[in-house]
Amino acid sequence: MRQEMSRREAAELRRGRQKPRSPEGWGLLLLLWYLAFYRPVITESHLRRKTMEFLFIRFSAWQFAGCDKLWAGLVTTLCHNIRHHFGAFPLSVFHVLGSRPLLASGFSQREWILKKGTCLKLWATLFVLSAGLTILLVALLVPGIKDHQALKVVGSAVTSLSGSGLALGAFSILKNLLISEKHKIERLTNSEKFTSQLGFMSKVRNEVEILVDYLAFMEIFQRRRLRVVLEITSLDTCYPEKVAGVLNAMNTLLSEANTPFIFILAVDPSVIVPCLEQTGCMKGLADNGYLYLNRTVTLPFSIPEMGARSRLSFLEAAIQTREDLMYRVITHNVELRRDKARGAAAEAAGRQEVEAEAVRCIHEAFRVLHDGADPLARYLPTSGAHLRRIVNTIPVTLRLLLHRSGLPAAPWPRAAAAWVVLADRWPCRLSWALQCLEDAWQMWPSRDLASRSLWSIFQENVAELSSLGQPLHNVLSLDADPELFQNFLACDFPFSAGEARDLLGVTVNLDHSIRHKMGLLRGLGRLQ
């Protein structure tokens, strides 16, 4: 991702765009000047900027597993890393003098507005301070006036009042410099009044909103978009209540429409779903953890099964020592630099060709979704969350198809879009059909199953699915109308078993743990 962003930044500079600024060195002084006297404006040109910077933060829930408030560890890790990345002093100044960015009223390219109120207050304070000092000096030094105590009192009072305003601002900056957001949140979580009466969400949100506004300010100053990528791992090793607390904290941080946070939740759904169903957060969702995850995750990415080469690569890594692995990383980095120096131009040309083809396929798939005359339009969900999941998943699926098989044939964009919709609308029935297909291929490898339709395989085993209605109740509730499923596979999009097997390798929006659970239930049924 960093290499891609460097390439984009170089391309933007070649087009004559403004060079990004750095908040270091002389840039720090310029940043402090803007923090004190200017208010940023989000313009149309800023929203179209392609240069982007990613701040990657890793959060291992296992490190905070013994903490009573695991969600606090998530938020404090986020605050600490943002403060460390940009520096404590600019953030402290923003706490006192910074302003929330405004949205441009038109197509104006003006990104900064002078804070006239701040300037007037500053000049008024300096003027009163100068007047007070002048009166005080006159009362102390000029002969004939030194004996007048009234002038001394007036000069001292005016000087003290005006100077106290400046001192109070400096003290506030120093206080925020010494007491970070992390310490504030930890102090709030340790308060009995806070935890029992006020609730943590509103207090945490107030602290995080300042960080969000600061990131928006830094976006405009640095002339690049900022995204904070928080990777959450080892959550499936924690207690159920703590799992629900972390997911609630995620929802709080993502509740704003223009939030700059991206959460990567690396978990095993087969472990997380039972944890959620044991807590009280499932009220109103029929105690269904799958529904909760569907409403929380906007881009599900289930890693497909390993191929033969990947298995051999992992096996080789498993039998090597730690020193061998470190040496392999070093040699790989050397080879990358050597290849980059030799064939950078040819590699860039090939990458541009692949990217152009990927963009064409993605546009074609989206055109199909927007075509009201296409049968696929009848199967699109009415839920905005599900529509976003489909729109987010189609580009990933098409890029994986291009990576696996090169340039796709003409119908593939439409077929890929239909497959993504199928996996989103009927995850249980599709998983059952794929599991039955996999079992049939394993038991009768000599049979020609590739030409059979996926719907015929589902029909043969639908009675067995009905008998498993109780253990698969929560999963079955995820599916849409069963009659529409029949029309989808039998009439409008009759995928064959061979096509389904090819598409399964690039399917990222289907929870594979559902299929594994079905395979386990089928195996137990055969034993009985």
# chains A, B, ... in the order shown; residues from 1 in each chain; ligands from 1
call {"tool": "residues_around", "arguments": {"residues": "Arg429 of chain A", "least_positions_apart": "6", "cutoff": "12 Å", "atoms": "only C-alpha atoms", "output": "number ranges by chain"}}
result
A: 422-423, 435-436, 454-455, 457-459, 461-462, 464-466, 469, 472, 475-486, 489, 510, 514-515, 518
call {"tool": "write_last_selection", "arguments": {"atoms": "N, CA, C and O atoms", "output": "CSV table (one decimal), in the first residue's frame"}}
result
chain,number,residue,atom,x,y,z
A,422,LEU,N,-25.3,-13.3,-5.1
A,422,LEU,CA,-25.8,-14.7,-4.6
A,422,LEU,C,-25.2,-15.0,-3.2
A,422,LEU,O,-25.9,-15.4,-2.3
A,423,ALA,N,-23.9,-14.7,-3.1
A,423,ALA,CA,-23.3,-15.0,-1.8
A,423,ALA,C,-23.8,-14.1,-0.7
A,423,ALA,O,-23.8,-14.5,0.5
A,435,GLN,N,-20.9,-27.1,-0.3
A,435,GLN,CA,-20.5,-28.2,0.5
A,435,GLN,C,-20.9,-29.6,0.0
A,435,GLN,O,-20.1,-30.5,-0.1
A,436,CYS,N,-22.1,-29.7,-0.5
A,436,CYS,CA,-22.5,-30.9,-1.2
A,436,CYS,C,-21.7,-31.2,-2.4
A,436,CYS,O,-21.4,-32.4,-2.7
A,454,LEU,N,-25.5,-26.1,-10.6
A,454,LEU,CA,-25.4,-26.0,-9.1
A,454,LEU,C,-26.8,-26.1,-8.5
A,454,LEU,O,-26.9,-26.7,-7.4
A,455,TRP,N,-27.8,-25.7,-9.2
A,455,TRP,CA,-29.2,-25.8,-8.7
A,455,TRP,C,-29.6,-27.3,-8.6
A,455,TRP,O,-30.3,-27.7,-7.6
A,457,ILE,N,-27.7,-29.8,-8.0
A,457,ILE,CA,-27.0,-30.4,-6.8
A,457,ILE,C,-27.7,-30.0,-5.5
A,457,ILE,O,-27.8,-30.8,-4.6
A,458,PHE,N,-28.1,-28.7,-5.5
A,458,PHE,CA,-28.9,-28.3,-4.3
A,458,PHE,C,-30.2,-29.0,-4.2
A,458,PHE,O,-30.6,-29.4,-3.0
A,459,GLN,N,-30.9,-29.2,-5.3
A,459,GLN,CA,-32.2,-30.0,-5.2
A,459,GLN,C,-32.0,-31.4,-4.7
A,459,GLN,O,-32.8,-31.9,-3.9
A,461,ASN,N,-30.0,-32.4,-2.5
A,461,ASN,CA,-29.7,-32.5,-1.0
A,461,ASN,C,-30.5,-31.6,-0.2
A,461,ASN,O,-30.2,-31.3,1.0
A,462,VAL,N,-31.6,-31.0,-0.7
A,462,VAL,CA,-32.4,-30.0,0.0
A,462,VAL,C,-33.1,-30.7,1.2
A,462,VAL,O,-33.4,-30.1,2.2
A,464,GLU,N,-32.0,-33.1,3.1
A,464,GLU,CA,-31.0,-33.2,4.2
A,464,GLU,C,-30.8,-31.8,4.9
A,464,GLU,O,-30.7,-31.7,6.1
A,465,LEU,N,-30.9,-30.7,4.1
A,465,LEU,CA,-30.8,-29.4,4.7
A,465,LEU,C,-32.0,-29.1,5.6
A,465,LEU,O,-31.8,-28.5,6.7
A,466,SER,N,-33.2,-29.6,5.2
A,466,SER,CA,-34.4,-29.4,6.0
A,466,SER,C,-34.3,-30.1,7.3
A,466,SER,O,-34.7,-29.6,8.3
A,469,GLY,N,-32.5,-28.2,10.1
A,469,GLY,CA,-33.0,-26.8,10.4
A,469,GLY,C,-32.7,-26.3,11.8
A,469,GLY,O,-32.5,-25.1,11.9
A,472,LEU,N,-28.9,-25.3,12.2
A,472,LEU,CA,-28.6,-24.2,11.3
A,472,LEU,C,-29.6,-23.1,11.3
A,472,LEU,O,-29.7,-22.4,10.3
A,475,VAL,N,-28.2,-19.6,10.9
A,475,VAL,CA,-27.6,-19.3,9.5
A,475,VAL,C,-28.6,-19.2,8.5
A,475,VAL,O,-28.6,-18.4,7.6
A,476,LEU,N,-29.7,-20.1,8.6
A,476,LEU,CA,-30.8,-20.0,7.6
A,476,LEU,C,-31.5,-18.7,7.7
A,476,LEU,O,-32.0,-18.2,6.6
A,477,SER,N,-31.5,-18.1,8.8
A,477,SER,CA,-32.2,-16.8,8.9
A,477,SER,C,-31.5,-15.7,8.2
A,477,SER,O,-32.1,-14.6,8.0
A,478,LEU,N,-30.3,-15.9,7.7
A,478,LEU,CA,-29.6,-14.9,7.0
A,478,LEU,C,-30.1,-14.8,5.5
A,478,LEU,O,-29.8,-13.8,4.8
A,479,ASP,N,-30.7,-15.9,5.0
A,479,ASP,CA,-31.1,-16.0,3.6
A,479,ASP,C,-32.3,-15.2,3.3
A,479,ASP,O,-33.2,-15.0,4.2
A,480,ALA,N,-32.4,-14.7,2.1
A,480,ALA,CA,-33.5,-14.0,1.6
A,480,ALA,C,-34.6,-15.0,1.1
A,480,ALA,O,-34.5,-16.2,1.5
A,481,ASP,N,-35.5,-14.6,0.3
A,481,ASP,CA,-36.6,-15.4,-0.1
A,481,ASP,C,-36.2,-16.7,-0.8
A,481,ASP,O,-35.4,-16.6,-1.8
A,482,PRO,N,-36.6,-17.9,-0.4
A,482,PRO,CA,-36.2,-19.1,-1.0
A,482,PRO,C,-36.6,-19.2,-2.5
A,482,PRO,O,-35.9,-19.8,-3.3
A,483,GLU,N,-37.8,-18.7,-2.8
A,483,GLU,CA,-38.3,-18.8,-4.2
A,483,GLU,C,-37.4,-18.0,-5.1
A,483,GLU,O,-37.2,-18.4,-6.3
A,484,LEU,N,-36.9,-16.8,-4.6
A,484,LEU,CA,-36.0,-16.0,-5.4
A,484,LEU,C,-34.7,-16.8,-5.7
A,484,LEU,O,-34.1,-16.6,-6.7
A,485,PHE,N,-34.3,-17.5,-4.7
A,485,PHE,CA,-33.1,-18.3,-4.8
A,485,PHE,C,-33.2,-19.3,-5.9
A,485,PHE,O,-32.3,-19.6,-6.7
A,486,GLN,N,-34.4,-20.0,-6.0
A,486,GLN,CA,-34.7,-20.9,-7.1
A,486,GLN,C,-34.6,-20.2,-8.4
A,486,GLN,O,-34.0,-20.7,-9.4
A,489,LEU,N,-30.9,-19.3,-9.5
A,489,LEU,CA,-30.0,-20.4,-9.9
A,489,LEU,C,-30.6,-21.2,-11.0
A,489,LEU,O,-29.8,-21.7,-11.9
A,510,LEU,N,-18.3,-14.6,1.5
A,510,LEU,CA,-19.0,-15.8,2.0
A,510,LEU,C,-18.2,-16.3,3.2
A,510,LEU,O,-17.1,-16.7,3.0
A,514,ILE,N,-19.3,-21.2,7.8
A,514,ILE,CA,-20.7,-21.8,7.7
A,514,ILE,C,-20.6,-23.1,6.9
A,514,ILE,O,-21.2,-24.1,7.3
A,515,ARG,N,-19.8,-23.2,5.9
A,515,ARG,CA,-19.6,-24.4,5.1
A,515,ARG,C,-18.9,-25.5,5.9
A,515,ARG,O,-19.2,-26.7,5.8
A,518,MET,N,-21.4,-27.0,8.2
A,518,MET,CA,-22.3,-27.9,7.5
A,518,MET,C,-21.6,-29.2,7.2
A,518,MET,O,-22.2,-30.3,7.3
call {"tool": "select_by_dssp", "arguments": {"residues": "segment 234-311 of chain A", "states": "alpha helix (DSSP H)", "output": "PyMOL selection string"}}
result
chain A and resi 240-253+269-277+289-296+308-311
call {"tool": "closest_residue", "arguments": {"among": "A:Ala72, A:Leu254, A:Ala61, A:Ala385", "to": "Asp236 of chain A", "atoms": "only C-alpha atoms"}}
result
A:Ala61
call {"tool": "closest_residue", "arguments": {"among": "A:Ile390, A:Val246, A:Ala365, A:Val506", "to": "His403 of chain A", "atoms": "only C-alpha atoms"}}
result
A:Val506
call {"tool": "atom_distance", "arguments": {"atom1": "atom CA of Glu355 of chain A", "atom2": "atom CA of Leu402 of chain A"}}
result
9.7 Å
call {"tool": "atom_distance", "arguments": {"atom1": "atom CA of Thr397 of chain A", "atom2": "atom CA of Trp426 of chain A"}}
result
17.4 Å
call {"tool": "residues_around", "arguments": {"residues": "Thr233 of chain A", "least_positions_apart": "5", "cutoff": "7 Å", "atoms": "only C-alpha atoms", "output": "PyMOL selection string"}}
result
chain A and resi 59-61+265-267
call {"tool": "residues_around", "arguments": {"residues": "segment 12-28 of chain A", "least_positions_apart": "5", "cutoff": "7 Å", "atoms": "only C-alpha atoms", "output": "MDAnalysis selection string"}}
result
chainID A and resid 221:224
call {"tool": "write_last_selection", "arguments": {"atoms": "all heavy atoms", "output": "tab-separated table (two decimals), in the first residue's frame"}}
result
chain	number	residue	atom	x	y	z
A	221	PHE	N	-3.55	20.50	5.60
A	221	PHE	CA	-2.22	21.08	5.71
A	221	PHE	C	-1.20	20.30	4.90
A	221	PHE	O	-0.38	20.88	4.19
A	221	PHE	CB	-1.79	21.13	7.18
A	221	PHE	CG	-0.38	21.61	7.38
A	221	PHE	CD1	-0.09	22.97	7.31
A	221	PHE	CD2	0.65	20.71	7.61
A	221	PHE	CE1	1.22	23.42	7.48
A	221	PHE	CE2	1.95	21.15	7.78
A	221	PHE	CZ	2.23	22.50	7.71
A	222	GLN	N	-1.23	18.97	5.00
A	222	GLN	CA	-0.26	18.15	4.30
A	222	GLN	C	-0.58	17.96	2.82
A	222	GLN	O	0.24	17.42	2.07
A	222	GLN	CB	-0.16	16.77	4.96
A	222	GLN	CG	0.43	16.80	6.35
A	222	GLN	CD	0.66	15.41	6.92
A	222	GLN	OE1	0.63	15.21	8.11
A	222	GLN	NE2	0.90	14.44	6.07
A	223	ARG	N	-1.80	18.36	2.40
A	223	ARG	CA	-2.23	18.22	1.00
A	223	ARG	C	-2.26	16.76	0.58
A	223	ARG	O	-1.89	16.39	-0.53
A	223	ARG	CB	-1.31	19.00	0.06
A	223	ARG	CG	-1.33	20.50	0.29
A	223	ARG	CD	-0.24	21.17	-0.47
A	223	ARG	NE	-0.24	22.61	-0.28
A	223	ARG	CZ	0.78	23.41	-0.58
A	223	ARG	NH1	1.89	22.90	-1.08
A	223	ARG	NH2	0.68	24.70	-0.38
A	224	ARG	N	-2.73	15.91	1.46
A	224	ARG	CA	-2.92	14.50	1.14
A	224	ARG	C	-4.00	13.95	2.07
A	224	ARG	O	-4.19	14.44	3.17
A	224	ARG	CB	-1.63	13.70	1.29
A	224	ARG	CG	-0.99	13.77	2.65
A	224	ARG	CD	-0.03	12.60	2.85
A	224	ARG	NE	1.07	12.64	1.95
A	224	ARG	CZ	2.30	13.09	2.25
A	224	ARG	NH1	2.53	13.56	3.48
A	224	ARG	NH2	3.27	13.06	1.39
call {"tool": "closest_residue", "arguments": {"among": "A:Tyr292, A:Phe263, A:Trp432, A:Phe89", "to": "Leu520 of chain A", "atoms": "only C-alpha atoms"}}
result
A:Trp432
call {"tool": "closest_residue", "arguments": {"among": "A:Arg100, A:Ser172, A:Ser270, A:Gly372", "to": "Gly289 of chain A", "atoms": "only C-alpha atoms"}}
result
A:Ser270
call {"tool": "atom_distance", "arguments": {"atom1": "atom CA of Lys50 of chain A", "atom2": "atom CA of Leu114 of chain A"}}
result
26.6 Å
call {"tool": "closest_residue", "arguments": {"among": "A:Lys121, A:His85, A:Arg8, A:Arg414", "to": "Leu369 of chain A", "atoms": "only C-alpha atoms"}}
result
A:Arg414
call {"tool": "residues_around", "arguments": {"residues": "Leu449 of chain A", "least_positions_apart": "6", "cutoff": "8 Å", "atoms": "only C-alpha atoms", "output": "list in words"}}
result
Trp441, Ala497 and Gly498 of chain A
call {"tool": "write_last_selection", "arguments": {"atoms": "N, CA and C atoms", "output": "PDB file, in the first residue's frame"}}
result
ATOM      1  N   TRP A 441     -17.448 -34.357  -5.071  1.00  0.00           N
ATOM      2  CA  TRP A 441     -16.175 -34.431  -5.787  1.00  0.00           C
ATOM      3  C   TRP A 441     -15.165 -35.293  -5.036  1.00  0.00           C
ATOM      4  N   ALA A 497     -21.459 -26.465 -11.981  1.00  0.00           N
ATOM      5  CA  ALA A 497     -20.607 -26.861 -10.857  1.00  0.00           C
ATOM      6  C   ALA A 497     -19.160 -26.449 -11.107  1.00  0.00           C
ATOM      7  N   GLY A 498     -18.710 -26.526 -12.358  1.00  0.00           N
ATOM      8  CA  GLY A 498     -17.349 -26.105 -12.672  1.00  0.00           C
ATOM      9  C   GLY A 498     -17.149 -24.616 -12.457  1.00  0.00           C
TER      10      GLY A 498
END
call {"tool": "residues_around", "arguments": {"residues": "Ser383 of chain A", "least_positions_apart": "3", "cutoff": "12 Å", "atoms": "only C-alpha atoms", "output": "MDAnalysis selection string"}}
result
chainID A and resid 294:295 379:380 386:390 424:425 480
call {"tool": "residues_around", "arguments": {"residues": "segment 53-57 of chain A", "least_positions_apart": "2", "cutoff": "9 Å", "atoms": "only C-alpha atoms", "output": "PyMOL selection string"}}
result
chain A and resi 1-2+5+51+59+77-78+81-82+85+224-232
call {"tool": "closest_residue", "arguments": {"among": "A:Glu9, A:Asp371, A:Glu364, A:Glu256", "to": "Ala416 of chain A", "atoms": "only C-alpha atoms"}}
result
A:Glu364
call {"tool": "decode", "arguments": {"residues": "segment 383-399 of chain A", "atoms": "N, CA and C atoms", "output": "CSV table (one decimal), in the first residue's frame"}}
result
chain,number,residue,atom,x,y,z
A,383,SER,N,-31.6,-3.2,1.7
A,383,SER,CA,-30.8,-2.7,2.8
A,383,SER,C,-29.6,-2.0,2.3
A,384,GLY,N,-29.4,-0.7,2.9
A,384,GLY,CA,-28.2,0.0,2.4
A,384,GLY,C,-26.9,-0.6,2.8
A,385,ALA,N,-26.9,-1.3,4.0
A,385,ALA,CA,-25.7,-1.9,4.5
A,385,ALA,C,-25.3,-3.1,3.5
A,386,HIS,N,-26.3,-3.9,3.1
A,386,HIS,CA,-26.0,-5.0,2.2
A,386,HIS,C,-25.6,-4.5,0.8
A,387,LEU,N,-26.2,-3.4,0.4
A,387,LEU,CA,-25.7,-2.8,-0.9
A,387,LEU,C,-24.3,-2.3,-0.9
A,388,ARG,N,-23.9,-1.7,0.2
A,388,ARG,CA,-22.5,-1.3,0.4
A,388,ARG,C,-21.6,-2.5,0.4
A,389,ARG,N,-22.0,-3.6,1.0
A,389,ARG,CA,-21.1,-4.8,1.0
A,389,ARG,C,-20.9,-5.3,-0.4
A,390,ILE,N,-22.0,-5.3,-1.2
A,390,ILE,CA,-21.9,-5.8,-2.5
A,390,ILE,C,-21.0,-4.9,-3.4
A,391,VAL,N,-21.2,-3.6,-3.3
A,391,VAL,CA,-20.4,-2.6,-4.0
A,391,VAL,C,-19.0,-2.7,-3.6
A,392,ASN,N,-18.7,-2.9,-2.4
A,392,ASN,CA,-17.3,-3.0,-1.9
A,392,ASN,C,-16.6,-4.4,-2.3
A,393,THR,N,-17.4,-5.4,-2.5
A,393,THR,CA,-16.9,-6.7,-2.7
A,393,THR,C,-16.6,-7.0,-4.2
A,394,ILE,N,-17.4,-6.4,-5.1
A,394,ILE,CA,-17.3,-6.7,-6.5
A,394,ILE,C,-15.9,-6.3,-7.1
A,395,PRO,N,-15.3,-5.2,-6.7
A,395,PRO,CA,-13.9,-4.9,-7.2
A,395,PRO,C,-12.9,-5.9,-6.8
A,396,VAL,N,-13.0,-6.3,-5.5
A,396,VAL,CA,-12.0,-7.3,-5.0
A,396,VAL,C,-12.2,-8.6,-5.7
A,397,THR,N,-13.4,-9.0,-5.9
A,397,THR,CA,-13.6,-10.3,-6.6
A,397,THR,C,-13.1,-10.3,-8.0
A,398,LEU,N,-13.3,-9.2,-8.8
A,398,LEU,CA,-12.8,-9.1,-10.1
A,398,LEU,C,-11.3,-9.0,-10.2
A,399,ARG,N,-10.7,-8.3,-9.3
A,399,ARG,CA,-9.2,-8.2,-9.3
A,399,ARG,C,-8.6,-9.6,-9.0
